[in-house]
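Structure file my_file.csv; described as CSV, C-alpha atoms and all ligand atoms.
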```csv
chain,number,residue,atom,x,y,z
T,1,MET,CA,-20.1,4.9,5.1
T,2,ALA,CA,-18.0,1.7,5.1
T,3,ASP,CA,-16.9,0.0,8.3
T,4,ARG,CA,-13.6,1.4,9.5
T,5,ASP,CA,-12.6,-1.6,11.5
T,6,GLN,CA,-11.8,-3.9,8.5
T,7,PRO,CA,-8.2,-5.1,8.4
T,8,SER,CA,-5.8,-3.0,6.3
T,9,ALA,CA,-5.5,-4.0,2.7
T,10,PRO,CA,-2.0,-5.0,1.3
T,11,ILE,CA,-0.2,-3.3,-1.6
T,12,ALA,CA,-1.9,-4.0,-4.9
T,13,GLY,CA,1.3,-4.4,-6.8
T,14,ASN,CA,3.2,-2.3,-9.3
T,15,ALA,CA,0.6,-1.9,-11.9
T,16,LYS,CA,0.2,-5.7,-11.8
T,17,PRO,CA,-2.6,-6.8,-9.5
T,18,SER,CA,-2.0,-10.3,-8.1
T,19,ALA,CA,-3.8,-13.2,-9.7
T,20,GLU,CA,-3.9,-15.0,-6.4
T,21,PRO,CA,-7.3,-15.3,-4.7
T,22,SER,CA,-7.9,-12.4,-2.3
T,23,ALA,CA,-7.4,-13.0,1.4
T,24,GLU,CA,-9.5,-9.9,2.0
T,25,PRO,CA,-13.1,-9.9,3.3
T,26,SER,CA,-14.5,-9.9,-0.2
T,27,ALA,CA,-12.9,-13.2,-1.2
T,28,GLY,CA,-15.4,-15.4,-3.1
T,29,LEU,CA,-17.8,-12.6,-3.8
T,30,ALA,CA,-18.9,-12.2,-7.4
T,31,ALA,CA,-19.0,-8.4,-7.5
T,32,PRO,CA,-17.4,-5.6,-5.6
T,33,VAL,CA,-19.5,-4.6,-2.7
T,34,ALA,CA,-18.0,-1.8,-0.6
T,35,PRO,CA,-17.5,1.8,-1.6
T,36,ILE,CA,-14.0,3.3,-1.5
T,37,THR,CA,-12.5,6.7,-2.2
T,38,VAL,CA,-9.6,6.6,-4.7
T,39,VAL,CA,-7.0,9.3,-4.5
T,40,THR,CA,-4.4,9.5,-7.3
T,41,GLY,CA,-1.2,11.1,-6.2
T,42,GLY,CA,-2.2,10.0,-2.7
T,43,SER,CA,1.3,9.3,-1.4
T,44,GLU,CA,2.2,12.9,-0.4
T,45,GLY,CA,1.2,16.5,-0.5
T,46,ILE,CA,-2.4,17.5,-1.2
T,47,GLY,CA,-3.4,13.9,-2.2
T,48,LEU,CA,-2.2,12.4,1.1
T,49,ALA,CA,-4.0,15.2,3.0
T,50,LEU,CA,-7.2,14.5,1.1
T,51,ALA,CA,-6.9,10.8,1.8
T,52,HIS,CA,-6.5,11.6,5.5
T,53,ARG,CA,-9.5,13.9,5.4
T,54,PHE,CA,-11.8,11.5,3.6
T,55,ALA,CA,-10.6,8.6,5.9
T,56,LYS,CA,-11.3,10.7,9.0
T,57,ALA,CA,-14.9,11.0,7.8
T,58,GLY,CA,-15.1,7.2,7.6
T,59,ASP,CA,-14.3,6.4,4.0
T,60,HIS,CA,-12.0,3.6,3.1
T,61,VAL,CA,-9.3,5.0,0.8
T,62,ALA,CA,-7.2,3.7,-2.1
T,63,ILE,CA,-4.0,5.7,-2.8
T,64,VAL,CA,-2.4,5.6,-6.2
T,65,ALA,CA,1.2,6.7,-6.9
T,66,ARG,CA,4.3,5.5,-8.7
T,67,ASN,CA,7.0,5.3,-6.0
T,68,PRO,CA,6.2,2.2,-3.9
T,69,GLU,CA,8.3,3.3,-0.9
T,70,ARG,CA,6.6,6.6,-0.5
T,71,LEU,CA,3.2,4.9,-1.1
T,72,ALA,CA,3.9,2.4,1.7
T,73,ARG,CA,5.0,5.2,4.0
T,74,ALA,CA,1.8,7.1,3.3
T,75,ALA,CA,-0.3,4.0,3.8
T,76,SER,CA,1.3,3.3,7.2
T,77,GLU,CA,0.7,6.9,8.2
T,78,LEU,CA,-3.0,6.6,7.2
T,79,ARG,CA,-3.4,3.3,9.0
T,80,ALA,CA,-1.8,4.7,12.1
T,81,ALA,CA,-4.5,7.3,12.0
T,82,GLY,CA,-7.2,4.6,11.9
T,83,ALA,CA,-7.8,4.4,8.1
T,84,THR,CA,-8.4,1.3,6.0
T,85,VAL,CA,-6.2,1.7,3.0
T,86,VAL,CA,-5.5,0.0,-0.3
T,87,GLU,CA,-2.2,0.9,-2.0
T,88,ILE,CA,-2.0,0.8,-5.7
T,89,ALA,CA,1.4,1.4,-7.2
T,90,ALA,CA,0.7,2.6,-10.7
T,91,ASP,CA,1.5,5.4,-13.1
T,92,VAL,CA,-1.7,7.3,-14.0
T,93,THR,CA,-0.4,8.0,-17.4
T,94,ALA,CA,-0.3,4.3,-18.4
T,95,PRO,CA,-3.4,3.6,-20.6
T,96,ASP,CA,-4.2,0.4,-18.6
T,97,THR,CA,-4.2,2.2,-15.2
T,98,PRO,CA,-8.0,2.5,-14.9
T,99,ALA,CA,-8.3,-1.2,-15.4
T,100,VAL,CA,-5.5,-1.9,-13.0
T,101,ILE,CA,-7.3,0.3,-10.3
T,102,ASP,CA,-10.6,-1.6,-11.0
T,103,ALA,CA,-8.9,-4.9,-10.6
T,104,ALA,CA,-7.0,-4.0,-7.4
T,105,LEU,CA,-10.2,-2.7,-5.9
T,106,ALA,CA,-12.4,-5.6,-7.0
T,107,ALA,CA,-9.8,-8.1,-5.6
T,108,ARG,CA,-10.5,-6.6,-2.2
T,109,GLY,CA,-14.2,-6.2,-2.6
T,110,TYR,CA,-14.4,-2.5,-3.4
T,111,TYR,CA,-15.7,-0.3,-6.1
T,112,ALA,CA,-14.6,3.3,-6.8
T,113,ASP,CA,-17.3,5.4,-5.2
T,114,VAL,CA,-15.4,8.6,-5.2
T,115,LEU,CA,-12.5,9.4,-7.5
T,116,ILE,CA,-10.1,12.2,-6.6
T,117,ASN,CA,-8.0,13.0,-9.6
T,118,ASN,CA,-5.2,14.8,-7.8
T,119,ALA,CA,-1.9,13.5,-9.4
T,120,GLY,CA,-0.4,16.4,-11.3
T,121,ILE,CA,3.0,17.8,-12.1
T,122,GLY,CA,4.3,21.3,-12.8
T,123,LEU,CA,6.6,22.8,-15.4
T,124,SER,CA,8.5,26.0,-14.8
T,125,GLY,CA,10.4,28.1,-17.4
T,126,ALA,CA,9.9,29.4,-20.9
T,127,PHE,CA,7.8,27.0,-22.9
T,128,ALA,CA,10.2,26.9,-25.8
T,129,ASP,CA,13.1,25.8,-23.5
T,130,GLU,CA,11.2,22.9,-22.1
T,131,PRO,CA,12.3,19.5,-23.3
T,132,GLU,CA,9.6,18.0,-25.4
T,133,ALA,CA,9.4,14.9,-23.2
T,134,ALA,CA,8.7,17.1,-20.1
T,135,ILE,CA,5.8,18.7,-22.0
T,136,GLU,CA,4.4,15.3,-23.1
T,137,ARG,CA,4.7,14.1,-19.5
T,138,ALA,CA,2.8,17.1,-18.1
T,139,MET,CA,0.0,16.8,-20.6
T,140,ALA,CA,-0.2,13.0,-20.1
T,141,THR,CA,-0.5,13.4,-16.3
T,142,ASN,CA,-2.5,16.6,-15.9
T,143,VAL,CA,-4.8,16.3,-18.9
T,144,THR,CA,-5.0,12.8,-20.5
T,145,ALA,CA,-4.8,10.6,-17.4
T,146,LEU,CA,-7.4,12.8,-15.5
T,147,THR,CA,-9.7,12.7,-18.5
T,148,ARG,CA,-9.3,8.9,-19.0
T,149,LEU,CA,-9.9,8.1,-15.4
T,150,THR,CA,-13.0,10.4,-15.3
T,151,ARG,CA,-14.5,8.8,-18.4
T,152,HIS,CA,-13.7,5.3,-17.1
T,153,MET,CA,-15.3,5.8,-13.6
T,154,LEU,CA,-18.2,8.2,-14.3
T,155,PRO,CA,-20.7,6.0,-16.2
T,156,ALA,CA,-20.7,3.4,-13.3
T,157,MET,CA,-21.2,6.3,-10.8
T,158,LEU,CA,-24.1,7.6,-12.8
T,159,ASN,CA,-25.7,4.1,-12.9
T,160,ARG,CA,-25.4,3.8,-9.2
T,161,ARG,CA,-26.6,7.3,-8.7
T,162,ARG,CA,-24.0,7.9,-6.0
T,163,GLY,CA,-20.4,8.9,-5.4
T,164,GLY,CA,-18.6,11.4,-7.5
T,165,ILE,CA,-15.4,13.0,-8.8
T,166,LEU,CA,-13.2,15.6,-7.3
T,167,ASN,CA,-10.7,16.9,-9.8
T,168,VAL,CA,-7.7,19.0,-8.5
T,169,ALA,CA,-7.0,22.0,-10.7
T,170,SER,CA,-5.3,25.2,-9.4
T,171,MET,CA,-5.7,28.9,-9.1
T,172,GLY,CA,-3.6,28.9,-12.2
T,173,GLY,CA,-6.6,27.5,-14.1
T,174,PHE,CA,-8.3,30.9,-13.9
T,175,MET,CA,-5.6,32.8,-15.8
T,176,PRO,CA,-2.7,32.4,-18.3
T,177,GLY,CA,0.7,31.8,-16.7
T,178,PRO,CA,3.7,32.8,-18.6
T,179,TYR,CA,6.8,30.7,-17.5
T,180,GLN,CA,4.4,28.1,-16.3
T,181,ALA,CA,2.3,28.2,-19.5
T,182,LEU,CA,1.6,24.6,-20.0
T,183,TYR,CA,0.8,24.0,-16.4
T,184,TYR,CA,-1.7,26.8,-16.2
T,185,ALA,CA,-3.3,25.8,-19.5
T,186,SER,CA,-3.6,22.2,-18.2
T,187,LYS,CA,-5.4,23.4,-15.1
T,188,ALA,CA,-7.7,25.7,-17.2
T,189,TYR,CA,-8.6,22.5,-19.0
T,190,VAL,CA,-9.4,20.7,-15.7
T,191,LEU,CA,-11.5,23.6,-14.5
T,192,SER,CA,-13.4,23.8,-17.8
T,193,LEU,CA,-14.0,20.1,-18.1
T,194,THR,CA,-15.1,19.6,-14.6
T,195,GLU,CA,-17.5,22.5,-14.5
T,196,ALA,CA,-19.1,21.2,-17.7
T,197,LEU,CA,-19.3,17.6,-16.4
T,198,ALA,CA,-20.8,18.9,-13.1
T,199,PHE,CA,-23.6,20.5,-15.2
T,200,GLU,CA,-24.2,17.4,-17.2
T,201,ALA,CA,-24.4,15.2,-14.1
T,202,ALA,CA,-26.6,17.5,-12.1
T,203,GLY,CA,-29.6,15.8,-10.6
T,204,ASN,CA,-28.2,12.3,-11.1
T,205,GLY,CA,-27.0,11.8,-7.5
T,206,VAL,CA,-23.3,12.1,-8.5
T,207,ARG,CA,-21.2,15.0,-7.3
T,208,ILE,CA,-18.6,16.5,-9.6
T,209,ALA,CA,-16.4,19.2,-8.3
T,210,VAL,CA,-13.1,20.9,-8.9
T,211,LEU,CA,-10.6,22.0,-6.2
T,212,ALA,CA,-8.6,25.0,-7.2
T,213,PRO,CA,-6.1,26.0,-4.5
T,214,GLY,CA,-3.6,28.8,-4.6
T,215,PRO,CA,0.0,27.9,-3.6
T,216,VAL,CA,0.3,25.0,-1.2
T,217,GLU,CA,3.3,24.0,0.8
T,218,THR,CA,4.4,20.8,-0.8
T,219,ARG,CA,7.5,19.5,-2.7
T,220,PHE,CA,5.6,20.3,-6.0
T,221,HIS,CA,7.4,23.7,-6.5
T,222,ALA,CA,10.9,22.3,-5.9
T,223,ARG,CA,10.1,19.4,-8.2
T,224,MET,CA,9.4,21.8,-11.1
T,225,GLY,CA,12.3,24.1,-10.3
T,226,ALA,CA,10.2,27.1,-9.3
T,227,GLU,CA,11.5,27.7,-5.8
T,228,ARG,CA,13.2,30.9,-6.9
T,229,ALA,CA,10.2,32.4,-8.6
T,230,ARG,CA,8.8,35.5,-6.9
T,231,TYR,CA,5.4,33.9,-6.1
T,232,ARG,CA,7.2,31.5,-3.7
T,233,THR,CA,8.4,34.4,-1.5
T,234,LEU,CA,5.6,36.8,-2.0
T,235,MET,CA,2.6,34.5,-1.7
T,236,HIS,CA,1.5,32.6,1.4
T,237,ALA,CA,1.3,28.9,0.8
T,238,MET,CA,-1.5,27.1,2.6
T,239,SER,CA,-0.9,23.7,4.3
T,240,PRO,CA,-2.1,20.6,2.4
T,241,ALA,CA,-4.3,19.7,5.4
T,242,ARG,CA,-6.1,23.1,5.3
T,243,VAL,CA,-6.7,22.7,1.5
T,244,ALA,CA,-8.0,19.2,2.1
T,245,GLY,CA,-10.4,20.5,4.7
T,246,PHE,CA,-11.9,23.0,2.2
T,247,GLY,CA,-11.9,20.3,-0.5
T,248,TYR,CA,-13.7,17.8,1.6
T,249,TRP,CA,-16.4,20.1,2.8
T,250,GLY,CA,-16.9,21.8,-0.5
T,251,PHE,CA,-17.3,18.4,-2.1
T,252,ARG,CA,-19.7,17.1,0.6
T,253,VAL,CA,-22.0,20.1,0.4
T,254,GLY,CA,-22.1,20.0,-3.4
T,255,ARG,CA,-20.0,23.0,-4.4
T,256,ARG,CA,-18.8,22.7,-8.0
T,257,VAL,CA,-15.8,25.0,-7.9
T,258,ILE,CA,-13.9,24.9,-4.5
T,259,VAL,CA,-11.3,27.6,-4.0
T,260,PRO,CA,-9.8,27.0,-0.5
T,261,GLY,CA,-9.2,29.9,1.9
T,262,PHE,CA,-10.9,33.3,2.2
T,263,VAL,CA,-8.7,35.5,0.1
T,264,TRP,CA,-8.2,33.1,-2.9
T,265,PRO,CA,-11.9,33.0,-3.8
T,266,VAL,CA,-11.7,36.8,-4.3
T,267,VAL,CA,-8.5,36.4,-6.3
T,268,ALA,CA,-10.3,33.8,-8.5
T,269,LEU,CA,-13.2,36.2,-9.1
T,270,ALA,CA,-10.8,39.0,-9.9
T,271,ALA,CA,-8.9,36.8,-12.3
T,272,ARG,CA,-12.2,35.9,-14.1
T,273,ILE,CA,-13.0,39.6,-14.7
T,274,THR,CA,-9.5,41.1,-15.2
T,275,PRO,CA,-8.4,41.5,-18.8
T,276,HIS,CA,-5.6,39.1,-19.7
T,277,VAL,CA,-3.7,41.9,-21.2
T,278,LEU,CA,-3.1,43.1,-17.6
T,279,LEU,CA,-2.9,39.6,-16.0
T,280,ASN,CA,-0.2,38.3,-18.4
T,281,PRO,CA,2.6,40.7,-17.4
T,282,MET,CA,1.7,40.4,-13.7
T,283,MET,CA,1.8,36.6,-13.8
T,284,ALA,CA,5.0,36.6,-15.8
T,285,TRP,CA,6.7,38.7,-13.1
T,286,LEU,CA,5.5,36.4,-10.4
T,287,LEU,CA,6.3,33.1,-12.2
T,288,TYR,CA,9.6,34.0,-13.9
T,289,THR,CA,12.6,31.8,-13.0
T,290,GLU,CA,16.2,32.0,-14.3
T,291,PRO,CA,16.7,29.7,-17.3
T,292,ARG,CA,18.0,26.3,-16.1
T,293,GLN,CA,21.7,25.7,-16.4
T,294,PRO,CA,22.5,23.4,-19.3
T,295,LEU,CA,23.0,19.8,-18.1
T,296,PRO,CA,26.7,18.9,-17.9
T,297,LYS,CA,27.9,16.8,-20.8
T,301,LIG,N1,1.4,22.6,-4.4
T,301,LIG,C1,0.7,23.6,-4.9
T,301,LIG,O1,1.0,24.8,-4.7
T,301,LIG,C2,-0.5,23.3,-5.8
T,301,LIG,C3,-1.4,24.4,-6.0
T,301,LIG,C4,-2.6,24.2,-6.7
T,301,LIG,C5,-2.8,22.9,-7.3
T,301,LIG,N2,-1.9,21.9,-7.1
T,301,LIG,C6,-2.3,20.6,-7.7
T,301,LIG,O2,-2.5,19.7,-6.6
T,301,LIG,C7,-2.1,18.4,-7.1
T,301,LIG,C8,-1.2,17.8,-6.1
T,301,LIG,O3,-0.1,18.6,-5.9
T,301,LIG,P1,1.0,18.5,-4.7
T,301,LIG,O4,1.5,19.8,-4.4
T,301,LIG,O5,0.4,17.7,-3.6
T,301,LIG,O6,2.1,17.6,-5.5
T,301,LIG,P2,3.3,16.7,-4.9
T,301,LIG,O7,3.5,17.0,-3.5
T,301,LIG,O8,4.4,16.8,-5.9
T,301,LIG,O9,2.6,15.2,-5.0
T,301,LIG,C9,2.3,14.7,-6.2
T,301,LIG,C10,1.7,13.3,-6.0
T,301,LIG,O10,1.3,12.9,-7.3
T,301,LIG,C11,1.9,11.6,-7.5
T,301,LIG,N3,2.1,11.5,-9.0
T,301,LIG,C12,2.8,12.3,-9.8
T,301,LIG,N4,2.8,11.9,-11.0
T,301,LIG,C13,2.1,10.7,-11.0
T,301,LIG,C14,1.8,9.7,-12.0
T,301,LIG,N5,2.2,9.8,-13.3
T,301,LIG,N6,1.1,8.6,-11.6
T,301,LIG,C15,0.7,8.4,-10.3
T,301,LIG,N7,1.0,9.3,-9.4
T,301,LIG,C16,1.7,10.4,-9.7
T,301,LIG,C17,3.2,11.6,-6.7
T,301,LIG,O11,3.7,10.3,-6.4
T,301,LIG,P3,4.8,9.6,-7.3
T,301,LIG,O12,5.8,10.6,-7.7
T,301,LIG,O13,5.4,8.5,-6.4
T,301,LIG,O14,4.0,9.0,-8.5
T,301,LIG,C18,2.7,12.3,-5.4
T,301,LIG,O15,2.0,11.4,-4.7
T,301,LIG,C19,-1.5,18.5,-8.5
T,301,LIG,O16,-2.5,18.3,-9.4
T,301,LIG,C20,-1.1,20.0,-8.5
T,301,LIG,O17,-1.2,20.5,-9.8
T,301,LIG,C21,-0.8,22.1,-6.3
```
Is it possible to express this structure as C-alpha cells?
Amino acid sequence: MADRDQPSAPIAGNAKPSAEPSAEPSAGLAAPVAPITVVTGGSEGIGLALAHRFAKAGDHVAIVARNPERLARAASELRAAGATVVEIAADVTAPDTPAVIDAALAARGYYADVLINNAGIGLSGAFADEPEAAIERAMATNVTALTRLTRHMLPAMLNRRRGGILNVASMGGFMPGPYQALYYASKAYVLSLTEALAFEAAGNGVRIAVLAPGPVETRFHARMGAERARYRTLMHAMSPARVAGFGYWGFRVGRRVIVPGFVWPVVALAARITPHVLLNPMMAWLLYTEPRQPLPK
C-alpha cells in the first residue's frame, strides 16, 4: 500500500483541474505512479465511511462529490484521522468527469487503483408522479455515471492486473420496489452489471464486487422524501461505518456480492426465491409515502 505520511493533497477544483504545475510529490514525473482509491459520493454517508475504512487500511483516497463545502469538511475529517486525501469537486453525471478525475489524480502522481462507485440518489413516490427531470437525474447518477466510470477505469486495471471496482447497489436490487420503482430498478441494474463483470474479469487480478446494504442511517432517505415510509420505522438501519466494514472486508477477500450484516444476506436469499407476485404488495406497503404536496405557485 502507499505511504500514508505524504502531505495532504489540495482540492482538485470544481470539475476543472488546475493547469498549474503540481506542487505534489509527483511534480515532473511523466506518468502517474502511486495507487489511490477513488470514492464517488465520498463526502458523506456510506461513501465517507468507505473512504475512512480504506484509508484506515493504508490506501490513499480520492473523494468525489458536488458540494465543495461538504467535500472539504469530509477531507478534513479524513486527514484528522491520518488519511492522505485528494478532493475532486465534480458531478459524476457530467460526461467529462472520468477525464476530470484522471487529470486530478495524474496531477498529483496517482492512478485509480480501486474505484468505488458509491454516488447514488433515491426517488420516492409513484413513478407517474415523479417529475421527468428527477427520473433523468436518478438514471444519470445511478446507472449512466456508474457505467461510464466503470468502462473508463476497468481496461487500465485489467492491463495492470491489479485493483478493482466496488459498486454500491442496495438490497432493493434484489426485488421490485413499488413507490421507489426507478431506484430499485437502477440498483437491480448495478447488481446485474457488476456480477457479470466480476465473472468476465475473474482470474485477471482485478476484483469486481457489489455492495448491497439494507437501510443505512444517512440523509439519503430524507433527501428523497421517504422518511415517513413504513420501512423507516419498521426496519433497523445500519450505521455507515458498519456497512463500510463489511464492504471493505468483502472486497478484500474477493466476495462478488457483499450484503452487510447477518440478517440481510438471508433476506437477499429469500428475495431471490420469493415470487414477485408476493414481494410486490409487501414492498409497496413498506415503501409507500403520501403523495407530495404540490409546490406553491
Ligand atoms: N442509505 C441507505 O439506506 C442505502 C441503502 C442501500 C444502498 N444505498 C446506496 O449507497 C450509496 C450512498 O448512499 P448514502 O446513503 O451514503 O447517500 P447520501 O448520504 O445521500 O450521500 C450521497 C453522496 O453522493 C454524492 N452525490 C450525489 N449525487 C452526486 C453526483 N451527481 N455527483 C457526485 N456526487 C454525488 C453526495 O454529495 P453531493 O450531493 O455533494 O454531490 C454524497 O456525498 C447510494 O448509491 C445509495 O443508493 C444507500
Around ligand LIG 301 (chain T), which protein and nucleic acid residues have at least one atom no more than 6 Å from it, if we count all atoms listed in the file? List them as an mmCIF file with C-alpha atoms, in the frame of the given file.
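Resulting contents of selection.cif:
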```
data_model
loop_
_atom_site.group_PDB
_atom_site.id
_atom_site.type_symbol
_atom_site.label_atom_id
_atom_site.label_comp_id
_atom_site.auth_asym_id
_atom_site.auth_seq_id
_atom_site.Cartn_x
_atom_site.Cartn_y
_atom_site.Cartn_z
ATOM 1 C CA THR T 40 -4.400 9.500 -7.300
ATOM 2 C CA GLY T 41 -1.200 11.100 -6.200
ATOM 3 C CA GLY T 42 -2.200 10.000 -2.700
ATOM 4 C CA SER T 43 1.300 9.300 -1.400
ATOM 5 C CA GLU T 44 2.200 12.900 -0.400
ATOM 6 C CA GLY T 45 1.200 16.500 -0.500
ATOM 7 C CA ILE T 46 -2.400 17.500 -1.200
ATOM 8 C CA GLY T 47 -3.400 13.900 -2.200
ATOM 9 C CA VAL T 64 -2.400 5.600 -6.200
ATOM 10 C CA ALA T 65 1.200 6.700 -6.900
ATOM 11 C CA ARG T 66 4.300 5.500 -8.700
ATOM 12 C CA ASN T 67 7.000 5.300 -6.000
ATOM 13 C CA ALA T 90 0.700 2.600 -10.700
ATOM 14 C CA ASP T 91 1.500 5.400 -13.100
ATOM 15 C CA VAL T 92 -1.700 7.300 -14.000
ATOM 16 C CA THR T 93 -0.400 8.000 -17.400
ATOM 17 C CA ASN T 118 -5.200 14.800 -7.800
ATOM 18 C CA ALA T 119 -1.900 13.500 -9.400
ATOM 19 C CA GLY T 120 -0.400 16.400 -11.300
ATOM 20 C CA ILE T 121 3.000 17.800 -12.100
ATOM 21 C CA THR T 141 -0.500 13.400 -16.300
ATOM 22 C CA VAL T 168 -7.700 19.000 -8.500
ATOM 23 C CA ALA T 169 -7.000 22.000 -10.700
ATOM 24 C CA SER T 170 -5.300 25.200 -9.400
ATOM 25 C CA PRO T 213 -6.100 26.000 -4.500
ATOM 26 C CA GLY T 214 -3.600 28.800 -4.600
ATOM 27 C CA PRO T 215 0.000 27.900 -3.600
ATOM 28 C CA VAL T 216 0.300 25.000 -1.200
ATOM 29 C CA GLU T 217 3.300 24.000 0.800
ATOM 30 C CA THR T 218 4.400 20.800 -0.800
ATOM 31 C CA ARG T 219 7.500 19.500 -2.700
ATOM 32 C CA PHE T 220 5.600 20.300 -6.000
#
```
So, counting only C-alpha atoms, which residue among T:Asn142, T:Gly205, T:Leu286, T:Ala271 is closest to Thr233 (chain T)?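 Among T:Asn142, T:Gly205, T:Leu286, T:Ala271, it is T:Leu286 that comes nearest to Thr233 (chain T).
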Using only C-alpha atoms, which residues sit within 12 Å of His52 (chain T) once same-chain residues fewer than 2 positions away are excluded, as an MDAnalysis selection string? chainID T and resid 37:39 42:50 54:63 74:85 240:245 247:248
Taking into account all atoms listed in the file, which residue in the set T:Glu130, T:Glu136, T:Glu227, T:Asp96 is nearest to Leu149 (chain T)? T:Asp96
Around (-19.1, 10.0, -8.8) in the file's frame, which residues reach within 12 Å when counting all atoms listed in the file? Return as an mmCIF file with C-alpha atoms, in the frame of the given file?
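To be explicit, this is the file written out as result.cif:
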```cif
data_model
loop_
_atom_site.group_PDB
_atom_site.id
_atom_site.type_symbol
_atom_site.label_atom_id
_atom_site.label_comp_id
_atom_site.auth_asym_id
_atom_site.auth_seq_id
_atom_site.Cartn_x
_atom_site.Cartn_y
_atom_site.Cartn_z
ATOM 1 C CA PRO T 35 -17.500 1.800 -1.600
ATOM 2 C CA ILE T 36 -14.000 3.300 -1.500
ATOM 3 C CA THR T 37 -12.500 6.700 -2.200
ATOM 4 C CA VAL T 38 -9.600 6.600 -4.700
ATOM 5 C CA TYR T 111 -15.700 -0.300 -6.100
ATOM 6 C CA ALA T 112 -14.600 3.300 -6.800
ATOM 7 C CA ASP T 113 -17.300 5.400 -5.200
ATOM 8 C CA VAL T 114 -15.400 8.600 -5.200
ATOM 9 C CA LEU T 115 -12.500 9.400 -7.500
ATOM 10 C CA ILE T 116 -10.100 12.200 -6.600
ATOM 11 C CA ASN T 117 -8.000 13.000 -9.600
ATOM 12 C CA LEU T 149 -9.900 8.100 -15.400
ATOM 13 C CA THR T 150 -13.000 10.400 -15.300
ATOM 14 C CA ARG T 151 -14.500 8.800 -18.400
ATOM 15 C CA HIS T 152 -13.700 5.300 -17.100
ATOM 16 C CA MET T 153 -15.300 5.800 -13.600
ATOM 17 C CA LEU T 154 -18.200 8.200 -14.300
ATOM 18 C CA PRO T 155 -20.700 6.000 -16.200
ATOM 19 C CA ALA T 156 -20.700 3.400 -13.300
ATOM 20 C CA MET T 157 -21.200 6.300 -10.800
ATOM 21 C CA LEU T 158 -24.100 7.600 -12.800
ATOM 22 C CA ASN T 159 -25.700 4.100 -12.900
ATOM 23 C CA ARG T 160 -25.400 3.800 -9.200
ATOM 24 C CA ARG T 161 -26.600 7.300 -8.700
ATOM 25 C CA ARG T 162 -24.000 7.900 -6.000
ATOM 26 C CA GLY T 163 -20.400 8.900 -5.400
ATOM 27 C CA GLY T 164 -18.600 11.400 -7.500
ATOM 28 C CA ILE T 165 -15.400 13.000 -8.800
ATOM 29 C CA LEU T 166 -13.200 15.600 -7.300
ATOM 30 C CA ASN T 167 -10.700 16.900 -9.800
ATOM 31 C CA THR T 194 -15.100 19.600 -14.600
ATOM 32 C CA LEU T 197 -19.300 17.600 -16.400
ATOM 33 C CA ALA T 198 -20.800 18.900 -13.100
ATOM 34 C CA ALA T 201 -24.400 15.200 -14.100
ATOM 35 C CA ALA T 202 -26.600 17.500 -12.100
ATOM 36 C CA ASN T 204 -28.200 12.300 -11.100
ATOM 37 C CA GLY T 205 -27.000 11.800 -7.500
ATOM 38 C CA VAL T 206 -23.300 12.100 -8.500
ATOM 39 C CA ARG T 207 -21.200 15.000 -7.300
ATOM 40 C CA ILE T 208 -18.600 16.500 -9.600
ATOM 41 C CA ALA T 209 -16.400 19.200 -8.300
ATOM 42 C CA PHE T 251 -17.300 18.400 -2.100
ATOM 43 C CA ARG T 252 -19.700 17.100 0.600
ATOM 44 C CA GLY T 254 -22.100 20.000 -3.400
#
```
Distance CA of Asp129 (chain T)-CA of Met224 (chain T), one decimal place?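 So the two atoms, CA of Asp129 (chain T) and CA of Met224 (chain T), lie 13.5 Å apart.
Counting all atoms listed in the file, the residue from T:Asn280, T:Thr97, T:Thr274, T:Ser124 that sits nearest to Arg228 (chain T) is T:Ser124.
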Go ahead and compute the interatomic distance for CA of Thr147 (chain T) and CA of Leu123 (chain T), in Å to one decimal. 19.4 Å
Between CA of Gly250 (chain T) and CA of Pro265 (chain T), what is the distance, to one decimal in Å?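 Atom-to-atom, CA of Gly250 (chain T) to CA of Pro265 (chain T), that is 12.7 Å.
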With distances taken over all atoms listed in the file, which residue among T:Gly203, T:Gly225, T:Pro98, T:Pro260 lies nearest Leu287 (chain T)? T:Gly225
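Distance check against Tyr184 (chain T) using all atoms listed in the file: of T:Arg232, T:Val263, T:Ala133, T:Ala284, the minimum falls on T:Ala284.
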Given the choices T:Arg108, T:Tyr288, T:His276, T:Gly172, which gets closest to Phe127 (chain T) if the distance is worked out from all atoms listed in the file? T:Tyr288
Start from the incomplete input, build N, CA and C atoms for region 261-269 of chain T, and deliver everything as a PDB file, keeping the file's coordinate frame.
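Below you can see part-v4.pdb, which holds the result:
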```
ATOM      1  N   GLY T 261      -9.675  28.655   1.231  1.00  0.00           N
ATOM      2  CA  GLY T 261      -9.200  29.900   1.900  1.00  0.00           C
ATOM      3  C   GLY T 261     -10.324  30.955   1.778  1.00  0.00           C
ATOM      4  N   PHE T 262      -9.968  32.155   2.240  1.00  0.00           N
ATOM      5  CA  PHE T 262     -10.900  33.300   2.200  1.00  0.00           C
ATOM      6  C   PHE T 262     -10.499  34.359   1.258  1.00  0.00           C
ATOM      7  N   VAL T 263      -9.189  34.445   1.014  1.00  0.00           N
ATOM      8  CA  VAL T 263      -8.700  35.500   0.100  1.00  0.00           C
ATOM      9  C   VAL T 263      -8.701  34.922  -1.347  1.00  0.00           C
ATOM     10  N   TRP T 264      -8.341  33.630  -1.507  1.00  0.00           N
ATOM     11  CA  TRP T 264      -8.200  33.100  -2.900  1.00  0.00           C
ATOM     12  C   TRP T 264      -9.512  33.098  -3.669  1.00  0.00           C
ATOM     13  N   PRO T 265     -10.685  32.893  -3.056  1.00  0.00           N
ATOM     14  CA  PRO T 265     -11.900  33.000  -3.800  1.00  0.00           C
ATOM     15  C   PRO T 265     -12.073  34.414  -4.464  1.00  0.00           C
ATOM     16  N   VAL T 266     -11.591  35.429  -3.730  1.00  0.00           N
ATOM     17  CA  VAL T 266     -11.700  36.800  -4.300  1.00  0.00           C
ATOM     18  C   VAL T 266     -10.688  36.951  -5.430  1.00  0.00           C
ATOM     19  N   VAL T 267      -9.492  36.353  -5.253  1.00  0.00           N
ATOM     20  CA  VAL T 267      -8.500  36.400  -6.300  1.00  0.00           C
ATOM     21  C   VAL T 267      -9.056  35.690  -7.585  1.00  0.00           C
ATOM     22  N   ALA T 268      -9.713  34.554  -7.356  1.00  0.00           N
ATOM     23  CA  ALA T 268     -10.300  33.800  -8.500  1.00  0.00           C
ATOM     24  C   ALA T 268     -11.313  34.634  -9.232  1.00  0.00           C
ATOM     25  N   LEU T 269     -12.149  35.317  -8.460  1.00  0.00           N
ATOM     26  CA  LEU T 269     -13.200  36.200  -9.100  1.00  0.00           C
ATOM     27  C   LEU T 269     -12.517  37.313  -9.839  1.00  0.00           C
TER      28      LEU T 269
END
```
